[in-house]
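Enquirer: I am attaching a structure below and will ask some questions about it afterwards.
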Amino acid sequence: MREEKSFHMTADEFRRHGHAVIDWIADYHERIESYPVLSPVEPGEVRASLPAHPPSQAEPFSRILADIEKVVLPGTTHWQSPNFYAFFPCNASGPAILGDLLSSGLGVQGMLWATSPACTELETLVLDWLVEMLDLPEQFRSTQSGGGVIQDTASSAALCALLAARERATNFTSNRQGCDRKLVAYASSQAHSSIEKAVQIAGLGRDNLRLVEVDEKFAMRPAVLADQIESDRRAGRIPCFACATVGTTSSNAIDPVRRIGQICRERGLWLHVDAAMSGTAALCPEFRHMQDGLELADSYAFNPHKWMFTNFDCDCFWVADRATLIKTLSVLPEYLKNKATASGAVFDYRDWQIPLGRRFRSLKLWFVIRHYGIEGLQHHIRRHVELAQQFARWVSQDGRFELAAPVPLNLVCFRHRGGDQVNQALMDRLNRSGDLYLTHTRLQDQITLRFCVGQTHTEARHVRQAWQRIQEEAEALAGQGGERAG
Ligand SMILES: *Cc1c(COP(=O)(O)O)cnc(C)c1O
């Protein structure tokens with residue numbers, strides 16, 4: 001018999017190329033510091049260096065991999081560089097990458113328990129482990145009324161929370177009849193833009209999002225929230241949802257969860273707590289004060305893909321009452337019906353998220369937790385916080401600079417006293433040098449530089465060198481300013 005013609009990669013080829021790819025990744029991580037952190041390419045440059053049309057004939061794998069080196073690498077901003085301090089971290093680690101690879105290797109689509117029991121049960125277990133590891137309230141456990149699920153991002157988690165809040169407030173009629181224009185949501189003026197996006201998508205409309213004023217530490221003023229809710233009530237509106245942020249994106253401000261929670265409980269609002277980056281710090285008991293009052297929350301989310309060494313994408317989302325979430329998101333067509341679902345004895349995670357399909361994402365998280373152990377994770381989180389605190393001390397000891405916000409954890413907001421132009425120029429020079437990458441925000445209506453420590457391999461020497469580079473560029477700018485003036 002003649003063998004069927006095939007273009008597929010054979011098992012032997014896969015093994016050979018697979019080893020080459022793993023080697024490439026290991027080498028990349030070893031040499032990552034030799035690249036400019038922020039990619040210097042111009043818009044269109046990456047595309048222009050690649051063929052405009054797809055190949056009609058098969059290409060050897062070695063040629064494909066060579067283009068990673070030649071074309072992709074120069075157009076890459078190196079998020080995994082220890083000199084990356086921009087935005088927030090998106091840190092990865094060996095065990096997470098390997099767990100992710102296994103997820104691809106198994107190629108499972110875990111929409112239902114029945115489509116791969118291990119995919120669902122491992123996820124439920126790992127999220128219960130995390131309740132214990134982060135000392136989250138008991139009601140978030142799957143063995144209680146709640147449970148956890150992995151979402152792609154904190155944005156999706158916030159949207160799911162808002163949808164459940166919307167249904168709870170309208171006795172599950174919005175799903176059928178469309179959204180009542182009277183529904184109102186609340187978050188601080190410093191909340192992440194994903195809340196605004198969720199309000200748009202969920203049909204509440206942006207005009208029905210109240211951005212509550214913050215105090216001098218950029219944390220929500222609970223009294224203002226209570227007043228807003230009351231005045232909306234009096235106007236005949238239906239306040240249904242509030243988001244408290246533990247560690248805002250802009251300045252790492254921590255909203256008073258307990259006070260906000262009490263207000264939401266008294267008035268029947270759904271409280272969602274967004275701790276996208278900072279939630280990881282709760283691995284260490286000494287940082288758990290920031291989530292005081294979390295037992296008053298209806299839902300909670302944090303991103304292991306930011307600061308917990310688990311490569312993108314991985315957001316952990318818990319609800320205190322899973323029945324409400326499931327009732328909100330469940331639609332059961334004939335072709336998905338099966339015995340396990342009908343028995344009610346299993347979780348079908350498609351009912352806990354927006355899409356139907358889902359990857360086996362708990363593998364990478366499980367690998368990370370088992371590789372590091374709680375002790376290892378605590379060690380590295382504490383180290384990052386120490387390094388950021390050290391950096392903050394250096395800033396405050398240099399008369400040319402000032403701190404722009406409190407530094408509760410791993411984010412330092414600071415600025416040169418020379419004003420917006422100087423700070424902008426300073427940031428541009430540093431980022432252009434390729435030695436490090438940091439970004440800015442606006443606080444007290446002034447450009448403020450953000451220095452966020454959270455990369456897997458960032459050590460004391462990197463932070464020391466970053467501060468040195470910042471001082472050097474400030475010096476150079478002062479020299480230039482002098483020339484111009486003279
Ligand atoms: C980063 C961040 C988000 C958005 O994260 P995604 O997972 O990318 O959606 C939401 N909230 C806060 C506080 C963040 O820092």
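Labels for the structure tokens follow display order: chains A, B, ..., residues from 1 in each chain, ligands from 1.
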Got a sec to check which residues lie within 10 Å of ligand 1, using only C-alpha atoms and all ligand atoms, and send them as an MDAnalysis selection string?

Expert: chainID A and resid 87:90 151:159 190:195 244:254 273:279 301:306 312:316

Enquirer: Please give the complete set of residues from stretch 151-314 of chain A that DSSP, run on the backbone, assigns to strand (DSSP E), formatted as a list of chain:residue names.

Expert: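 Of stretch 151-314 of chain A, the ones in strand (DSSP E) are A:Gln151, A:Leu183, A:Val184, A:Ala185, A:Tyr186, A:Ala187, A:Ser188, A:Leu209, A:Arg210, A:Leu211, A:Val212, A:Ile238, A:Pro239, A:Cys240, A:Phe241, A:Ala242, A:Cys243, A:Ala244, A:Thr245, A:Trp270, A:Leu271, A:His272, A:Val273, A:Asp274, A:Ser299, A:Tyr300, A:Ala301, A:Phe302.
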
Enquirer: Stretch 58-191 of chain A: which residues are alpha helix (DSSP H) by DSSP, as a ChimeraX atom specification?

Expert: /A:61-67,94-106,117-133,154-169,174-177

Enquirer: To one decimal in Å, tell me the separation between atom CA of A:Asp135 and atom CA of A:His272.

Expert: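 About the pair atom CA of A:Asp135 and atom CA of A:His272: they are 17.1 Å apart.
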
Enquirer: A:His380: which residues within 12 Å, counting only C-alpha atoms, same-chain residues fewer than 6 positions away excluded, as a short mmCIF file (atom, residue, chain, number, x, y, z; two decimals) with C-alpha atoms, in the first residue's frame?

Expert:
```
data_model
loop_
_atom_site.label_atom_id
_atom_site.label_comp_id
_atom_site.auth_asym_id
_atom_site.auth_seq_id
_atom_site.Cartn_x
_atom_site.Cartn_y
_atom_site.Cartn_z
CA ASN A 91 6.51 38.29 34.05
CA THR A 280 0.01 38.93 44.15
CA ALA A 281 1.50 40.71 47.16
CA LEU A 283 1.10 35.87 49.13
CA CYS A 284 3.01 37.57 51.95
CA TRP A 307 3.45 39.72 38.90
CA MET A 308 3.22 36.00 39.72
CA PHE A 309 5.67 34.56 37.16
CA TYR A 372 8.40 27.78 43.53
CA GLY A 373 6.33 26.64 46.48
CA ILE A 374 4.68 29.34 48.58
CA GLU A 386 12.40 45.80 48.85
CA LEU A 387 14.03 46.88 45.61
CA ASN A 410 6.54 47.72 44.01
CA VAL A 453 9.72 46.49 39.80
CA GLY A 454 8.32 43.07 38.99
CA GLN A 455 10.31 41.33 36.31
CA THR A 456 11.29 37.77 37.09
CA HIS A 457 15.02 38.40 36.89
CA THR A 458 15.27 41.98 38.16
CA GLU A 459 17.94 42.11 40.87
#
```

Enquirer: Could you jot down the atom CA of A:Tyr300 to atom CA of A:Val319 separation for me, Å, one decimal place?

Expert: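 Interatomic distance, atom CA of A:Tyr300 to atom CA of A:Val319: 6.6 Å.
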
Enquirer: At a cut-off of 12 Å, using only C-alpha atoms, what residues contact A:Leu336? Leave out same-chain residues fewer than 6 positions from it and give the result as number ranges by chain.

Expert: A: 111-115, 330, 342, 348, 350-351, 356-357

Enquirer: Write the residues you've just listed into a file as a PDB file, in the first residue's frame, and include C-alpha atoms for each of them.

Expert:
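Output saved as out15.pdb:
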```pdb
ATOM      1  CA  MET A 111     -15.486  24.431  27.514  1.00  0.00           C
ATOM      2  CA  LEU A 112     -17.329  21.703  29.434  1.00  0.00           C
ATOM      3  CA  TRP A 113     -16.272  19.404  32.254  1.00  0.00           C
ATOM      4  CA  ALA A 114     -16.969  16.540  29.853  1.00  0.00           C
ATOM      5  CA  THR A 115     -14.664  17.918  27.145  1.00  0.00           C
ATOM      6  CA  SER A 330     -25.343  30.200  30.857  1.00  0.00           C
ATOM      7  CA  ALA A 342     -27.389  17.470  33.512  1.00  0.00           C
ATOM      8  CA  ASP A 348     -18.867  23.796  33.047  1.00  0.00           C
ATOM      9  CA  ARG A 350     -18.083  28.058  29.651  1.00  0.00           C
ATOM     10  CA  ASP A 351     -20.811  29.365  32.004  1.00  0.00           C
ATOM     11  CA  LEU A 356     -17.382  29.309  24.836  1.00  0.00           C
ATOM     12  CA  GLY A 357     -13.948  27.773  24.257  1.00  0.00           C
TER      13      GLY A 357
END
```

Enquirer: Pick from A:Leu294, A:Ala235, A:Ala323, A:Ala226: nearest to A:Glu266, with only C-alpha atoms counted?

Expert: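 Closest to A:Glu266 of all the choices is A:Ala226.
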
Enquirer: Given only C-alpha atoms as the basis, pick out the residue of A:Phe360, A:Thr448, A:Trp352, A:Ala474 nearest to A:Gln109.

Expert: A:Phe360

Enquirer: Neighbouring residues of A:Arg210 were defined as those with any atom within 7 Å, considering only C-alpha atoms; residues of the same chain fewer than 2 positions away were excluded. Please report them as an NGL selection string.

Expert: :A and (185-187 or 208 or 212)

Enquirer: Let's have the selection written as a PDB file, in the first residue's frame, with C-alpha atoms.

Expert:
```pdb
ATOM      1  CA  ALA A 185     -22.021  51.722  38.274  1.00  0.00           C
ATOM      2  CA  TYR A 186     -19.301  53.283  40.439  1.00  0.00           C
ATOM      3  CA  ALA A 187     -15.515  53.253  40.498  1.00  0.00           C
ATOM      4  CA  ASN A 208     -24.082  55.775  33.917  1.00  0.00           C
ATOM      5  CA  VAL A 212     -15.840  58.848  42.402  1.00  0.00           C
TER       6      VAL A 212
END
```

Enquirer: Work out how far apart atom CA of A:Ala460 and atom CA of A:Leu436 are and give it in Å to one decimal.

Expert: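 Pair atom CA of A:Ala460 / atom CA of A:Leu436 returns 14.2 Å.
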
Enquirer: Which residues come within 12 Å of A:Pro43, counting only C-alpha atoms, excluding same-chain residues fewer than 5 positions away, as an NGL selection string?

Expert: :A and (48-49 or 75)

Enquirer: My list of candidates is A:Leu271, A:Ala320, A:Leu296, A:Leu377. Which is closest to A:Ser145 when distances are computed with only C-alpha atoms?

Expert: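 Using only C-alpha atoms, the shortest distance to A:Ser145 belongs to A:Ala320.
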
Enquirer: So which one's closest to A:Glu121, A:Trp366, A:His440, A:Asp435, A:Ala219? Using only C-alpha atoms, please.

Expert: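 Residue with the minimum atom-to-atom distance to A:Glu121: A:Trp366.
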